[in-house]
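Q: Below is a structure I'd like to ask you about.
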Amino acid sequence: HMKKLSALLAFVLITTLTTSAQIKTPVKWSYAAKKLNNNEAMVLIKATIEKGWHVYSQNIKPGGPIPTSFTFAKSTDYATVGKTSEPKGISHFEKVFDMDVIYFENAVVFQQKIKLNKPAANVKGTIEFMVCNDKECLPPDEVSFNIPVK
């Protein structure tokens with residue numbers, strides 16, 4: 001039984017390695033939530049970015065790269081409070097876009113405050129983002145999230 005399992009694991013590992021070699025995924029997203037009180041919580045959305053790559057701020061002027069954006073699914077369980085906040089990014093003149101842009105390297109945590117209409121909720125939505133390095137940009141990507149708040 002164990003042999004079967006380890007063979008399967010080895011297969012899965014090899015498959016994962018070969019598929020990820022063709023598709024660049026320089027950004028890994030992770031999520032957390034912390035309750036502030038009984039009816040408020042903070043949802044944390046973290047991007048961990050490979051060295052050399054960067055993702056953009058939510059605040060990019062028109063004509064620039066695709067900004068990082070968060071769309072939260074409508075729900076009776078919770079409501080978003082205000083905008084999604086982000087730390088101060090790196091302002092950099094990018095020749096490609098002929099403008100100053102704000103981006104993040106290594107890691108960045110975006111925070112969204114939510115009002116809870118019941119003790120526990122699943123905060124769902126999508127993130128649209130674009131990742132570039134100094135040589136290339138990958139096409140804008142979209143990932144969906146489901147963050148349990150208990």
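Chains: A, B, ... in order of the structure tokens. Residues: from 1 per chain. Ligands: from 1, in order shown.
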Taking only stretch 6-149 of chain A into account, list the residues labelled strand (DSSP E) by DSSP (computed from the backbone), as a PyMOL selection string.
A: chain A and resi 27-37+40-49+54-56+69-72+78-85+90-94+99-104+107-116+121-129+131-132+141-149
Q: Need to verify the contact set: stretch 26-41 of chain A, 10 Å, only C-alpha atoms, exclusion of same-chain residues closer than 5 positions in sequence. Can you return it as a PyMOL selection string?
A: chain A and resi 46-55+78-81+106-120+123+127+129-133+138+143-150
Q: What's around A:Pro62 at 12 Å? Count only C-alpha atoms, leave out sequence neighbours fewer than 2 positions away in its own chain, and write the answer as a list in words.
A: Gln58, Asn59, Ile60, Gly64, Pro65, Ile66, Pro67, Phe97, Asp98, Met99, Asp100 and Val101 of chain A
Q: Can I get the selection written as a CSV table (one decimal), in the first residue's frame, with all heavy atoms?
A:
chain,number,residue,atom,x,y,z
A,58,GLN,N,-2.3,48.8,-7.1
A,58,GLN,CA,-3.7,49.0,-7.5
A,58,GLN,C,-3.9,50.3,-8.2
A,58,GLN,O,-4.9,50.6,-8.9
A,58,GLN,CB,-4.7,48.9,-6.3
A,58,GLN,CG,-4.6,47.6,-5.6
A,58,GLN,CD,-5.4,47.6,-4.3
A,58,GLN,OE1,-6.6,47.3,-4.3
A,58,GLN,NE2,-4.8,48.1,-3.2
A,59,ASN,N,-2.9,51.2,-7.9
A,59,ASN,CA,-3.0,52.6,-8.3
A,59,ASN,C,-2.0,52.9,-9.5
A,59,ASN,O,-0.9,53.3,-9.2
A,59,ASN,CB,-2.8,53.5,-7.2
A,59,ASN,CG,-3.6,53.1,-5.9
A,59,ASN,OD1,-4.8,53.0,-6.0
A,59,ASN,ND2,-2.9,52.8,-4.9
A,60,ILE,N,-2.5,52.5,-10.7
A,60,ILE,CA,-1.6,52.7,-11.9
A,60,ILE,C,-2.4,53.7,-12.8
A,60,ILE,O,-3.6,53.5,-13.0
A,60,ILE,CB,-1.3,51.4,-12.6
A,60,ILE,CG1,-0.5,50.5,-11.7
A,60,ILE,CG2,-0.6,51.6,-13.9
A,60,ILE,CD1,1.0,50.7,-11.6
A,64,GLY,N,-0.7,52.5,-18.5
A,64,GLY,CA,0.4,51.7,-17.9
A,64,GLY,C,0.1,50.3,-17.9
A,64,GLY,O,-0.8,49.8,-18.6
A,65,PRO,N,0.8,49.5,-17.1
A,65,PRO,CA,0.5,48.1,-17.0
A,65,PRO,C,-0.8,47.8,-16.3
A,65,PRO,O,-1.4,48.8,-15.7
A,65,PRO,CB,1.7,47.5,-16.1
A,65,PRO,CG,2.1,48.7,-15.3
A,65,PRO,CD,1.9,49.9,-16.2
A,66,ILE,N,-1.3,46.6,-16.3
A,66,ILE,CA,-2.5,46.3,-15.7
A,66,ILE,C,-2.3,46.4,-14.1
A,66,ILE,O,-1.4,45.7,-13.6
A,66,ILE,CB,-3.0,44.8,-16.0
A,66,ILE,CG1,-3.2,44.7,-17.5
A,66,ILE,CG2,-4.2,44.4,-15.2
A,66,ILE,CD1,-4.5,45.1,-18.1
A,67,PRO,N,-3.1,47.2,-13.5
A,67,PRO,CA,-2.9,47.3,-12.0
A,67,PRO,C,-3.4,46.0,-11.4
A,67,PRO,O,-4.2,45.2,-12.0
A,67,PRO,CB,-3.8,48.4,-11.6
A,67,PRO,CG,-4.8,48.6,-12.7
A,67,PRO,CD,-4.2,48.1,-14.0
A,97,PHE,N,6.4,51.6,-20.7
A,97,PHE,CA,5.1,52.4,-20.6
A,97,PHE,C,5.3,53.9,-20.6
A,97,PHE,O,4.4,54.7,-20.6
A,97,PHE,CB,4.4,52.0,-19.3
A,97,PHE,CG,4.1,50.5,-19.2
A,97,PHE,CD1,4.9,49.7,-18.3
A,97,PHE,CD2,3.2,49.9,-20.0
A,97,PHE,CE1,4.6,48.3,-18.2
A,97,PHE,CE2,2.9,48.5,-19.9
A,97,PHE,CZ,3.6,47.8,-19.0
A,98,ASP,N,6.6,54.3,-20.6
A,98,ASP,CA,7.0,55.7,-20.6
A,98,ASP,C,6.3,56.5,-19.5
A,98,ASP,O,5.8,57.6,-19.7
A,98,ASP,CB,6.6,56.3,-22.0
A,98,ASP,CG,7.3,57.7,-22.2
A,98,ASP,OD1,8.4,57.9,-21.7
A,98,ASP,OD2,6.6,58.6,-22.8
A,99,MET,N,6.3,55.9,-18.3
A,99,MET,CA,5.7,56.6,-17.2
A,99,MET,C,6.2,55.9,-15.9
A,99,MET,O,6.8,54.9,-15.9
A,99,MET,CB,4.2,56.4,-17.2
A,99,MET,CG,3.7,55.0,-17.1
A,99,MET,SD,1.9,54.9,-17.5
A,99,MET,CE,1.2,55.0,-15.9
A,100,ASP,N,6.0,56.7,-14.8
A,100,ASP,CA,6.3,56.2,-13.5
A,100,ASP,C,5.2,55.2,-13.0
A,100,ASP,O,4.0,55.5,-13.2
A,100,ASP,CB,6.4,57.3,-12.4
A,100,ASP,CG,7.7,58.1,-12.5
A,100,ASP,OD1,8.7,57.5,-12.8
A,100,ASP,OD2,7.6,59.3,-12.4
A,101,VAL,N,5.6,54.0,-12.6
A,101,VAL,CA,4.6,53.1,-12.1
A,101,VAL,C,5.0,52.7,-10.6
A,101,VAL,O,6.2,52.8,-10.2
A,101,VAL,CB,4.6,51.8,-13.0
A,101,VAL,CG1,4.1,52.1,-14.4
A,101,VAL,CG2,5.9,51.1,-13.0
Q: Run DSSP on the backbone and give me the residues of chain A it puts in helix (DSSP H, G or I), as a list in words.
A: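 Helix (DSSP H, G or I) assignments inside chain A correspond to Met2, Lys3, Lys4, Leu5, Ser6, Ala7, Leu8, Leu9, Ala10, Phe11, Val12, Leu13, Ile14, Thr15, Thr16, Leu17, Thr18, Thr19, Ser20, Ala21 and Gln22 of chain A.
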Q: Counting only C-alpha atoms, figure out which residue out of A:Val96, A:Ile90, A:Leu44, A:Ala121 gets nearest to A:Phe70.
A: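 Closest candidate: A:Leu44.
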Q: Which residue is closest to A:Thr84? Choose from A:Ile45, A:Glu105, A:Gly63, A:Asn122 and count only C-alpha atoms.
A: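 So, comparing all the options, the nearest one is A:Ile45.
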Q: Nearest residue to A:Gly89 out of A:Ser57, A:Val43, A:Thr25, A:Asp77, using only C-alpha atoms?
A: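 Looking at the shortest contact to A:Gly89, the residue is A:Ser57.
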